[in-house]
Number of protein chains: 8
Amino acid sequence: MRMNLDDILKQVASGALAPAEAAASIAGSAEASLGFARIDLDRHRRCGVPEVIFCPGKSVEQIIAILRRMTDAGHNVLASRISPEQARTVREALPAAVHHEAARCLTLDVAPLPEPKGLVAVVTAGTSDIPVAEEAALTASRMGARVERIFDVGVAGLHRLMKHLDVLRTSRAIVVVAGMEGALPSVVGGLVDRPLIAVPTSVGYGVNLGGLTTLMAMLNSCVPGISVVNIDNGFGAGVAAAMINRAGDKP
Amino acid sequence: MRMNLDDILKQVASGALAPAEAAASIAGSAEASLGFARIDLDRHRRCGVPEVIFCPGKSVEQIIAILRRMTDAGHNVLASRISPEQARTVREALPAAVHHEAARCLTLDVAPLPEPKGLVAVVTAGTSDIPVAEEAALTASRMGARVERIFDVGVAGLHRLMKHLDVLRTSRAIVVVAGMEGALPSVVGGLVDRPLIAVPTSVGYGVNLGGLTTLMAMLNSCVPGISVVNIDNGFGAGVAAAMINRAGDKP
Amino acid sequence: MRMNLDDILKQVASGALAPAEAAASIAGSAEASLGFARIDLDRHRRCGVPEVIFCPGKSVEQIIAILRRMTDAGHNVLASRISPEQARTVREALPAAVHHEAARCLTLDVAPLPEPKGLVAVVTAGTSDIPVAEEAALTASRMGARVERIFDVGVAGLHRLMKHLDVLRTSRAIVVVAGMEGALPSVVGGLVDRPLIAVPTSVGYGVNLGGLTTLMAMLNSCVPGISVVNIDNGFGAGVAAAMINRAGDKP
Amino acid sequence: MRMNLDDILKQVASGALAPAEAAASIAGSAEASLGFARIDLDRHRRCGVPEVIFCPGKSVEQIIAILRRMTDAGHNVLASRISPEQARTVREALPAAVHHEAARCLTLDVAPLPEPKGLVAVVTAGTSDIPVAEEAALTASRMGARVERIFDVGVAGLHRLMKHLDVLRTSRAIVVVAGMEGALPSVVGGLVDRPLIAVPTSVGYGVNLGGLTTLMAMLNSCVPGISVVNIDNGFGAGVAAAMINRAGDKP
Amino acid sequence: MRMNLDDILKQVASGALAPAEAAASIAGSAEASLGFARIDLDRHRRCGVPEVIFCPGKSVEQIIAILRRMTDAGHNVLASRISPEQARTVREALPAAVHHEAARCLTLDVAPLPEPKGLVAVVTAGTSDIPVAEEAALTASRMGARVERIFDVGVAGLHRLMKHLDVLRTSRAIVVVAGMEGALPSVVGGLVDRPLIAVPTSVGYGVNLGGLTTLMAMLNSCVPGISVVNIDNGFGAGVAAAMINRAGDKP
Amino acid sequence: MRMNLDDILKQVASGALAPAEAAASIAGSAEASLGFARIDLDRHRRCGVPEVIFCPGKSVEQIIAILRRMTDAGHNVLASRISPEQARTVREALPAAVHHEAARCLTLDVAPLPEPKGLVAVVTAGTSDIPVAEEAALTASRMGARVERIFDVGVAGLHRLMKHLDVLRTSRAIVVVAGMEGALPSVVGGLVDRPLIAVPTSVGYGVNLGGLTTLMAMLNSCVPGISVVNIDNGFGAGVAAAMINRAGDKP
Amino acid sequence: MRMNLDDILKQVASGALAPAEAAASIAGSAEASLGFARIDLDRHRRCGVPEVIFCPGKSVEQIIAILRRMTDAGHNVLASRISPEQARTVREALPAAVHHEAARCLTLDVAPLPEPKGLVAVVTAGTSDIPVAEEAALTASRMGARVERIFDVGVAGLHRLMKHLDVLRTSRAIVVVAGMEGALPSVVGGLVDRPLIAVPTSVGYGVNLGGLTTLMAMLNSCVPGISVVNIDNGFGAGVAAAMINRAGDKP
Amino acid sequence: MRMNLDDILKQVASGALAPAEAAASIAGSAEASLGFARIDLDRHRRCGVPEVIFCPGKSVEQIIAILRRMTDAGHNVLASRISPEQARTVREALPAAVHHEAARCLTLDVAPLPEPKGLVAVVTAGTSDIPVAEEAALTASRMGARVERIFDVGVAGLHRLMKHLDVLRTSRAIVVVAGMEGALPSVVGGLVDRPLIAVPTSVGYGVNLGGLTTLMAMLNSCVPGISVVNIDNGFGAGVAAAMINRAGDKP
């Protein structure tokens, strides 16, 4: 069993532990004793960052094994980019798992999720961007954010976006998901002054280069204050938005 | 002196020219005899496409020499991307030349320009895009288009664009010049149904890659019907727009 | 039911609508009330731009569902890049749909198409470029353009192109489709003075980079006035050409 | 003088404005009447986002002119990437301007700046990253954030970072500025659970590709929740961090 | 039936053809009358350049149809990059076709091939480069070159190359096929003074980028006089080598 | 049978070989006579560099044939990147072959392997990097290195790495395998002063570009003394580490 | 003084040289004794390949020193990409040197040049490509080729090219120099069946990428038998063409 | 003053330090107490890794200041990529500094350098690669390696390399510096079985892309065991080679 640094030092002070043994313990099992070493486990439990399994390239057996190991350790788990076939097989083995089809995710929870607070808006340019957006929304939601979805409001029909200005303006963070030319974050960022995470998607063809053009365009936005995550990285955007959302609850 | 095909054949028919000589003449001086061979000269005179000199990398002596040779041949000439210093020296040698500072161009005309007709709108996202836009406007204007300028209406403040919808909707062609994320063509293209030429500019830094990102974003526009020219290619966009503009005058 | 801005204001003037309600209506349902908000629907009906479904990555069920929803709304629809298998299944469900094999498209029409007018020439360098060219031709045709096809006239045998100069010179717009080194648009553009849309195709291998080289070569054309669309984007080129073609019918 | 939408509608209701005139007014001067049209000006005044001038490529005359126009309009202004020579000349013309050498910025204020609140940590990997970091710090500070600088704590000597964990853990947002392999954001992100904005710098050579490698590496971070801005974009990172920082003050 | 230019002119001279008709004939059926128009057909017959079908992406039905059409026109045909399955089916339909497995080619000849003359050496760095080399060898051979194969003599064991210096030095042209770092052409080019065509192959992985690195390395060879063809383009290299080889037979 | 240079010269001196024949022999069979020509075979036997077969793209028949030829020549062989199916079939034909599943390798030995000496540490950032790491470990081990594996100690949880500092500090060479942002080599290199070979893996997505970003980031490491091999090149890293490891045994 | 292999062996046979000494001599001074070792010097003298100095980045002192060393060794030398200033200073020091301004080259000859034979055509698309073409022409000429220049016959005015078909068809090799879209080699290659070396130039801007697009387009030519050299590499193209040209003089 | 972990624990055991204070001390001043925290300073002193200043972009004042600070701390310092002008000014301020012109470095030593041991060979392909090679040689030498230089032995004249096989075979590590196609490391690696560090240089033009092609070619070497550093990174290669060289002195 692991001891933290305070415990080790108290034992040294009490004579229960020799200095040399303590030094070995601190150096040898850094994970237990050093200040930063316990962040990893603590952080997950305290913050509700969902443990995540990136499914592409993994066998169903591997996914099930990891799910079991993590839930045994008391963590709620999110498996992202899971295929319908993978999800079906996992749920046969682990019936408590939930398949979120639209988000291409599966979750398995062994602890209560946090109460939804604040507000994160998740916006998409087109319908093809929705799976990535749902992944972001699911992630942020599991990390304690109330989430509003505003889908299919791309720049080819901006009036659709205008109807949702109120939601955008009262959000603590906005996730904008877009493919192709990636113009929507600039348009939204020009309308509201909230932290905005742009997510490029691999929706497009030809010189889209699998989302690379979208990504680079977003990084060149003429609107300051927009930051960007990797192509199709709905999970990362959801975590970032949820972290920002929590800032509203802290001193 | 050159003869055209009809003349050669008539001479053959009249016996003035032996078949073998005619064959040699047709094969050997294609420029004179073949149908397509004379297009080149005819086209410039008939269409008013301005002869163009791309100045970067040329000495002032070279620019003056080309200007002289072309105007001697009866052509109006446009020198693009000319520096203020180059322009000053050219104008000392050729006082009839006109320096268009905002467009970074110099023109020297020996024939009347066509009357302005139709309407081409030239739009920019920012103020840094104006030199490229002015080059496009000057070019289209010299090719007979009436031109309206709508500058600095980028996506970070879309309301500025809205005031100009009437002009956009009555244009025969629209040139949209933008740097950075290159979103403006998509926004304009989503509002009007006119042929739209997008011009990426090298305005930006970092992952803008000298305009490459802007160019690729424009090519990925979610709005169909937008076509794109090379980075900073105001001249090409002006020619394309003027050609479309003339379509309105033809059967 | 939606009201336009004029109607709202008249009701305010007549007292039928309170100012506050009107303001809410204008701000809250932008799609209905703002000038630009209704463009989207109007544009499609008025201009005959075909609603388009990009089929790759969509299930047949999704394609059928979208076709139904759009045609129920009164729109003619074009499904692009449809596979033969997808097309067969769609036509079993929607027998009125037409499969255009050469263009890899399927159409479903519920309203009359516009009468063909003007002239758009669609040119290809090789036979492998034909599917993209047919997509462009079908699109332009459905938007009211008379279309002439000039296929397989690449630069390795230029004489084949020469026979078609008359058609090229009387076209209001020319679409040139080519893969590999993408030289054909420059050659055509050097022969005629009509607006020219170049479409790079992904035909090639090795350093062709899936059409990227072709695209970049076209953007570097030494002939001014050529504009370019995304790789394999026959639909976009068809829309652009048809918009230019219509310019000949407008004041 | 501009009226807002409510005022227009009240005048219509009162008969002071005819419906047709009102419609024209709403459509024609969108900037004044539409809800979103006035955001632009309001936003700057309300949020304290500093108006910014990107100096590279501008003449000193242009910089001075823009500074004058903006401050006349009541805005505080930040000129970024200003050279020492430019700054000196500007300050001769505008003695109230302040040159922030380390940040390569100049500011000219005509209104009080907001009180510093919350906490933004600005971290750099090396000393060469400091100018970008100072630009971020200055920007965030001017937008109302209290800022702590933690410089030169790169991964080649991680112990230097460890001393600052307390500051990092109590920050509302963290800006991490790094060049070369861009590893520092991942290391910091693995230690704390705060929103983290990564700023790649163009510090490096060879296959660094002017910061492109750094940028791409940061976007691939194995730590979720990190978002990224353009290369050397200290201003954008500062705005993003300040917006997040303000979230702690809002309901 | 087509007439050549001489015939047309003679008929004009004899009065059998009116000048106007002759002009129309020359302009309208360029393929028949213009000098360059008949090169295409003549060249193939005279030079023995094999007509080529690039099989990837073509159905067996298409391949068979093209083979039939070309052989009916009297051409020998080479089908490159044919799969074993495609080849088997083609040979069932066209038993006279020959499958060259090592070269991944199929040939169908209806005319005698030229006698082998001169000497072309085809060299590979590794065994994986052999299919491309065999395609080059087969092509050059069918165009009349005597061919020597020197395979698997890469730079990791240069002594293997040294044994073949005599063949290399008596070749009229050398084709060097290599993947990975593409160093072999430089080594061979440093040993002999014969025209050398380098063919990069897509053999490699990771940062090989599908042969792009190999190609670029070859273009940077420190040995002057090496020229390069597209990745895996054995056919093109074979044609180039055979053309050079023929130079030894011409005045 | 081959003679070496000394033998040839002695025979010349003894009159057993005419000078002309000797010259021909030296020039013609370089492999036998030149100093460097015999390195190839000698090197493998002396150094124990495993002969390697890169399996992707090879048929099982080819793999078996090469294994037989090499082992007949007395070499131990390592087949890398072998699939489970390929391995199973190979082992049916060659039951003495050993399948190393974790390393995706198969080995067939006909000579004793060297005794393990020295120490090579093989480190991975994540679990997905393990196959590449196992390939490196297996390779180094077969070349005579004692190997320690330190897996899954990436920068998102650095405390896990700290526990292994002792092993790292006593290694003669360290192989660090990482994907995504590739930060681990910099962190390890900052902690110890041993030769470090970094291996980028293709683990990642989006702007990871198949490992290219990871590779470039590693090449930009701020820690001097790190060198890099191709993406996923565990074999190359293993050879490099083993060569360094042997340096500890030489004068 | 160096001996060749034959001499060494004869001395061994005669007893004048001990076998051990001979072995040392062969191994230790490979440059003198091995067959391939003397190629380097022999090749230059025999073939007339001009020794070349690439001037960019070299000081005038360095250029003069290398010129002196090479001419002292009896070589004719060509200095490429020399600036007018460099050339002037060199000629002050070495008055026998000749400055070829159009080719940006300087030559210094101490031996007679070969007689011009055969025919190499050097073609350019535009006037900006001429310096590279002149470098190729000068190089080929110095290696014994008769050279014809055909300049400024780009695809925007193909009729200019047609006049020169006779020269092209009687050339032993053709060098085609072009920038921008690089289409001219394909057009020329479609008209004649002679070996064709394409030289991309860095003439262009924007997405030309310093000639990279031109290069890649040329490598994708639809005309088989075209091979390509590095961007602006007139020297390399001249060497390649001259080597091909000499093939016509050999058995 | 800093205490190490052992000291802290002993004081806790002796009652001289309360557990809480000790915990704070360990967490708060990681640099002093944690094992890895003191590595940084120790490493430099113990290993003789030269402290390095990368001069490009630094002012002479900055270089002098850093030199003073580092030497005051007792470190020997190497300033790399220093220009002759910078070096001259530095030496006026710090006359003890030594300018190594060929290596473009300046050194300032305040402690004795280690005795040269072992052997590192530094090889270049051409003369332009020498500055990078000298930087590597100087670095390795200052870290205690005996260094042999083998310059200008590129693949275009391999016989020059052969003379140096003995040195290569007795080196503990080999640094191979090359530009252009980067073939030399493969050739050297095929001849000897020593650890080989390849250094790409930015020598080349056109598609060399500033050394990127060279770098990628080296990473694709067909010879296993070669590892690569960043473009022009002579310093890094020198450190790596010296670390390997020291392995021969350790148990």
# chains A, B, ... in the order shown; residues from 1 in each chain; ligands from 1

call {"tool": "interface_residues", "arguments": {"of": "chain H", "to": "chain E", "cutoff": "12 Å", "atoms": "only C-alpha atoms", "output": "PyMOL selection string"}}
result
chain H and resi 125-126+153-160+162+178-193+200+202-226

call {"tool": "write_last_selection", "arguments": {"atoms": "C-alpha atoms", "output": "JSON list (two decimals), in the first residue's frame"}}
result
[["chain", "number", "residue", "atom", "x", "y", "z"],
["H", 125, "ALA", "CA", 30.70, 14.46, -48.62],
["H", 126, "GLY", "CA", 31.78, 17.85, -49.94],
["H", 153, "VAL", "CA", 34.85, 11.93, -49.92],
["H", 154, "GLY", "CA", 31.36, 12.05, -51.46],
["H", 155, "VAL", "CA", 29.69, 9.38, -53.55],
["H", 156, "ALA", "CA", 30.61, 11.00, -56.86],
["H", 157, "GLY", "CA", 34.20, 9.82, -56.26],
["H", 158, "LEU", "CA", 34.00, 6.89, -53.89],
["H", 159, "HIS", "CA", 37.63, 5.85, -54.30],
["H", 160, "ARG", "CA", 38.58, 8.80, -52.09],
["H", 162, "MET", "CA", 38.26, 3.82, -49.65],
["H", 178, "ALA", "CA", 26.38, 15.45, -46.21],
["H", 179, "GLY", "CA", 24.04, 17.67, -48.18],
["H", 180, "MET", "CA", 22.18, 17.20, -51.46],
["H", 181, "GLU", "CA", 21.00, 13.56, -51.83],
["H", 182, "GLY", "CA", 22.59, 12.53, -48.54],
["H", 183, "ALA", "CA", 23.87, 9.20, -49.83],
["H", 184, "LEU", "CA", 27.20, 9.08, -48.05],
["H", 185, "PRO", "CA", 25.97, 7.71, -44.68],
["H", 186, "SER", "CA", 24.49, 4.69, -46.47],
["H", 187, "VAL", "CA", 27.75, 4.05, -48.28],
["H", 188, "VAL", "CA", 29.86, 4.38, -45.14],
["H", 189, "GLY", "CA", 27.36, 2.37, -43.12],
["H", 190, "GLY", "CA", 27.61, -0.41, -45.70],
["H", 191, "LEU", "CA", 31.36, -0.61, -45.22],
["H", 192, "VAL", "CA", 31.79, -0.55, -41.42],
["H", 193, "ASP", "CA", 29.86, -1.74, -38.37],
["H", 200, "PRO", "CA", 22.11, 16.47, -43.11],
["H", 202, "SER", "CA", 21.38, 22.63, -45.97],
["H", 203, "VAL", "CA", 23.80, 22.45, -48.90],
["H", 204, "GLY", "CA", 21.75, 22.25, -52.07],
["H", 205, "TYR", "CA", 19.04, 24.15, -53.87],
["H", 206, "GLY", "CA", 15.64, 23.72, -55.48],
["H", 207, "VAL", "CA", 13.92, 20.59, -54.29],
["H", 208, "ASN", "CA", 16.57, 20.18, -51.60],
["H", 209, "LEU", "CA", 14.21, 22.31, -49.54],
["H", 210, "GLY", "CA", 16.89, 23.66, -47.24],
["H", 211, "GLY", "CA", 18.17, 20.24, -46.26],
["H", 212, "LEU", "CA", 14.78, 18.61, -45.68],
["H", 213, "THR", "CA", 15.27, 16.20, -48.58],
["H", 214, "THR", "CA", 18.72, 15.28, -47.33],
["H", 215, "LEU", "CA", 17.35, 14.63, -43.87],
["H", 216, "MET", "CA", 14.52, 12.46, -45.09],
["H", 217, "ALA", "CA", 16.80, 10.49, -47.40],
["H", 218, "MET", "CA", 19.13, 9.73, -44.51],
["H", 219, "LEU", "CA", 16.22, 8.54, -42.37],
["H", 220, "ASN", "CA", 15.36, 6.13, -45.19],
["H", 221, "SER", "CA", 18.81, 4.61, -45.38],
["H", 222, "CYS", "CA", 18.79, 0.98, -46.40],
["H", 223, "VAL", "CA", 21.62, 0.38, -43.93],
["H", 224, "PRO", "CA", 20.35, -0.35, -40.40],
["H", 225, "GLY", "CA", 21.94, 1.33, -37.42],
["H", 226, "ILE", "CA", 22.21, 4.84, -38.80]]

call {"tool": "residues_around", "arguments": {"residues": "stretch 172-175 of chain B", "least_positions_apart": "3", "cutoff": "7 Å", "atoms": "only C-alpha atoms", "output": "JSON, numbers by chain"}}
result
{"B": [118, 119, 120, 121, 122, 123, 194, 195, 196, 197, 198, 237, 241, 244, 245], "C": [247]}

call {"tool": "write_last_selection", "arguments": {"atoms": "N, CA, C and O atoms", "output": "compact mmCIF listing (two decimals), in the first residue's frame"}}
result
# COMPACT_ATOMS: atom_id res chain seq x y z
N GLY B 118 -21.60 47.00 -67.36
CA GLY B 118 -21.88 45.94 -66.39
C GLY B 118 -21.49 46.35 -65.00
O GLY B 118 -21.49 47.54 -64.65
N LEU B 119 -21.10 45.37 -64.17
CA LEU B 119 -20.66 45.69 -62.81
C LEU B 119 -19.86 44.53 -62.23
O LEU B 119 -20.31 43.38 -62.21
N VAL B 120 -18.67 44.87 -61.75
CA VAL B 120 -17.85 43.92 -61.00
C VAL B 120 -17.64 44.49 -59.61
O VAL B 120 -17.19 45.63 -59.47
N ALA B 121 -17.97 43.69 -58.58
CA ALA B 121 -17.71 44.12 -57.21
C ALA B 121 -16.39 43.53 -56.76
O ALA B 121 -16.11 42.35 -57.00
N VAL B 122 -15.56 44.36 -56.13
CA VAL B 122 -14.29 43.89 -55.58
C VAL B 122 -14.34 44.10 -54.07
O VAL B 122 -14.45 45.24 -53.61
N VAL B 123 -14.25 43.01 -53.33
CA VAL B 123 -14.49 43.00 -51.90
C VAL B 123 -13.20 42.58 -51.18
O VAL B 123 -12.50 41.69 -51.66
N ARG B 194 -24.05 35.04 -57.50
CA ARG B 194 -23.29 35.55 -58.64
C ARG B 194 -21.94 34.83 -58.74
O ARG B 194 -21.42 34.37 -57.72
N PRO B 195 -21.39 34.76 -59.95
CA PRO B 195 -20.06 34.13 -60.08
C PRO B 195 -19.06 34.84 -59.18
O PRO B 195 -19.01 36.07 -59.17
N LEU B 196 -18.30 34.06 -58.43
CA LEU B 196 -17.42 34.63 -57.41
C LEU B 196 -16.01 34.09 -57.60
O LEU B 196 -15.78 32.88 -57.58
N ILE B 197 -15.06 35.02 -57.76
CA ILE B 197 -13.64 34.67 -57.86
C ILE B 197 -12.99 35.01 -56.54
O ILE B 197 -13.00 36.17 -56.11
N ALA B 198 -12.41 34.01 -55.88
CA ALA B 198 -11.74 34.25 -54.61
C ALA B 198 -10.24 34.42 -54.84
O ALA B 198 -9.63 33.66 -55.58
N ALA B 237 -7.52 37.64 -61.28
CA ALA B 237 -8.91 37.73 -60.85
C ALA B 237 -9.63 38.84 -61.62
O ALA B 237 -10.80 38.69 -61.99
N ALA B 241 -12.89 38.22 -63.91
CA ALA B 241 -14.13 38.94 -63.64
C ALA B 241 -14.57 39.74 -64.85
O ALA B 241 -15.76 39.80 -65.19
N ILE B 244 -16.13 37.50 -67.44
CA ILE B 244 -17.51 37.15 -67.06
C ILE B 244 -18.42 38.35 -67.28
O ILE B 244 -19.53 38.22 -67.79
N ASN B 245 -17.93 39.51 -66.91
CA ASN B 245 -18.72 40.73 -67.04
C ASN B 245 -19.13 40.96 -68.50
O ASN B 245 -20.26 41.37 -68.80
N ALA C 247 -25.22 34.94 -66.78
CA ALA C 247 -24.91 36.37 -66.88
C ALA C 247 -25.29 36.90 -68.26
O ALA C 247 -25.63 38.07 -68.42

call {"tool": "select_by_dssp", "arguments": {"residues": "stretch 103-163 of chain B", "states": "strand (DSSP E or B)", "output": "list in words"}}
result
Cys105, Leu106, Thr107, Leu108, Lys117, Gly118, Leu119, Val120, Ala121, Val122, Val123, Thr124, Ala145, Arg146, Val147, Glu148, Arg149 and Ile150 of chain B

call {"tool": "write_last_selection", "arguments": {"atoms": "C-alpha atoms", "output": "compact mmCIF listing (two decimals), in the first residue's frame"}}
result
# COMPACT_ATOMS: atom_id res chain seq x y z
CA CYS B 105 0.65 49.24 -60.82
CA LEU B 106 1.78 51.52 -63.60
CA THR B 107 -0.06 51.89 -66.88
CA LEU B 108 0.94 53.29 -70.23
CA LYS B 117 -20.21 48.49 -68.62
CA GLY B 118 -21.88 45.94 -66.39
CA LEU B 119 -20.66 45.69 -62.81
CA VAL B 120 -17.85 43.92 -61.00
CA ALA B 121 -17.71 44.12 -57.21
CA VAL B 122 -14.29 43.89 -55.58
CA VAL B 123 -14.49 43.00 -51.90
CA THR B 124 -11.74 42.72 -49.25
CA ALA B 145 -15.99 46.67 -66.44
CA ARG B 146 -17.64 49.17 -64.15
CA VAL B 147 -16.15 48.42 -60.72
CA GLU B 148 -17.45 48.91 -57.18
CA ARG B 149 -15.05 48.58 -54.23
CA ILE B 150 -16.29 47.16 -50.91

call {"tool": "atom_distance", "arguments": {"atom1": "atom CA of H:Ala73", "atom2": "atom CA of H:Pro50"}}
result
13.0 Å

call {"tool": "atom_distance", "arguments": {"atom1": "atom CA of C:Val98", "atom2": "atom CA of C:Thr201"}}
result
24.9 Å

call {"tool": "residues_around", "arguments": {"residues": "G:Arg91", "least_positions_apart": "3", "cutoff": "12 Å", "atoms": "only C-alpha atoms", "output": "number ranges by chain"}}
result
G: 60-61, 63-64, 67, 82, 84-88, 94-100, 106-108

call {"tool": "atom_distance", "arguments": {"atom1": "atom CA of A:Leu78", "atom2": "atom CA of A:Pro116"}}
result
17.5 Å

call {"tool": "residues_around", "arguments": {"residues": "F:Ala103", "least_positions_apart": "6", "cutoff": "8 Å", "atoms": "only C-alpha atoms", "output": "ChimeraX atom specification"}}
result
/F:81,130-135,138

call {"tool": "decode", "arguments": {"residues": "stretch 173-186 of chain D", "atoms": "N, CA and C atoms", "output": "mmCIF file, in the first residue's frame"}}
result
data_model
loop_
_atom_site.group_PDB
_atom_site.id
_atom_site.type_symbol
_atom_site.label_atom_id
_atom_site.label_comp_id
_atom_site.auth_asym_id
_atom_site.auth_seq_id
_atom_site.Cartn_x
_atom_site.Cartn_y
_atom_site.Cartn_z
ATOM 1 N N ALA D 173 -6.102 30.116 -15.824
ATOM 2 C CA ALA D 173 -5.691 29.686 -17.165
ATOM 3 C C ALA D 173 -4.174 29.746 -17.216
ATOM 4 N N ILE D 174 -3.589 28.843 -18.016
ATOM 5 C CA ILE D 174 -2.138 28.793 -18.154
ATOM 6 C C ILE D 174 -1.790 28.939 -19.629
ATOM 7 N N VAL D 175 -0.846 29.835 -19.914
ATOM 8 C CA VAL D 175 -0.309 29.970 -21.269
ATOM 9 C C VAL D 175 1.088 29.370 -21.253
ATOM 10 N N VAL D 176 1.353 28.381 -22.119
ATOM 11 C CA VAL D 176 2.681 27.769 -22.180
ATOM 12 C C VAL D 176 3.286 28.055 -23.553
ATOM 13 N N VAL D 177 4.415 28.749 -23.524
ATOM 14 C CA VAL D 177 5.076 29.192 -24.745
ATOM 15 C C VAL D 177 6.351 28.380 -24.927
ATOM 16 N N ALA D 178 6.489 27.706 -26.095
ATOM 17 C CA ALA D 178 7.686 26.878 -26.313
ATOM 18 C C ALA D 178 7.992 26.787 -27.791
ATOM 19 N N GLY D 179 9.278 26.602 -28.098
ATOM 20 C CA GLY D 179 9.703 26.369 -29.475
ATOM 21 C C GLY D 179 10.220 24.961 -29.609
ATOM 22 N N MET D 180 11.050 24.726 -30.601
ATOM 23 C CA MET D 180 11.692 23.430 -30.824
ATOM 24 C C MET D 180 10.684 22.274 -30.795
ATOM 25 N N GLU D 181 10.876 21.273 -29.915
ATOM 26 C CA GLU D 181 9.982 20.121 -29.951
ATOM 27 C C GLU D 181 8.640 20.379 -29.284
ATOM 28 N N GLY D 182 8.480 21.498 -28.590
ATOM 29 C CA GLY D 182 7.176 21.871 -28.046
ATOM 30 C C GLY D 182 6.637 20.924 -27.001
ATOM 31 N N ALA D 183 7.521 20.356 -26.185
ATOM 32 C CA ALA D 183 7.078 19.338 -25.235
ATOM 33 C C ALA D 183 6.511 19.904 -23.948
ATOM 34 N N LEU D 184 6.820 21.154 -23.636
ATOM 35 C CA LEU D 184 6.475 21.674 -22.310
ATOM 36 C C LEU D 184 4.966 21.666 -22.021
ATOM 37 N N PRO D 185 4.097 22.035 -22.979
ATOM 38 C CA PRO D 185 2.665 21.997 -22.661
ATOM 39 C C PRO D 185 2.204 20.617 -22.191
ATOM 40 N N SER D 186 2.719 19.560 -22.796
ATOM 41 C CA SER D 186 2.327 18.220 -22.353
ATOM 42 C C SER D 186 2.766 17.976 -20.916
#
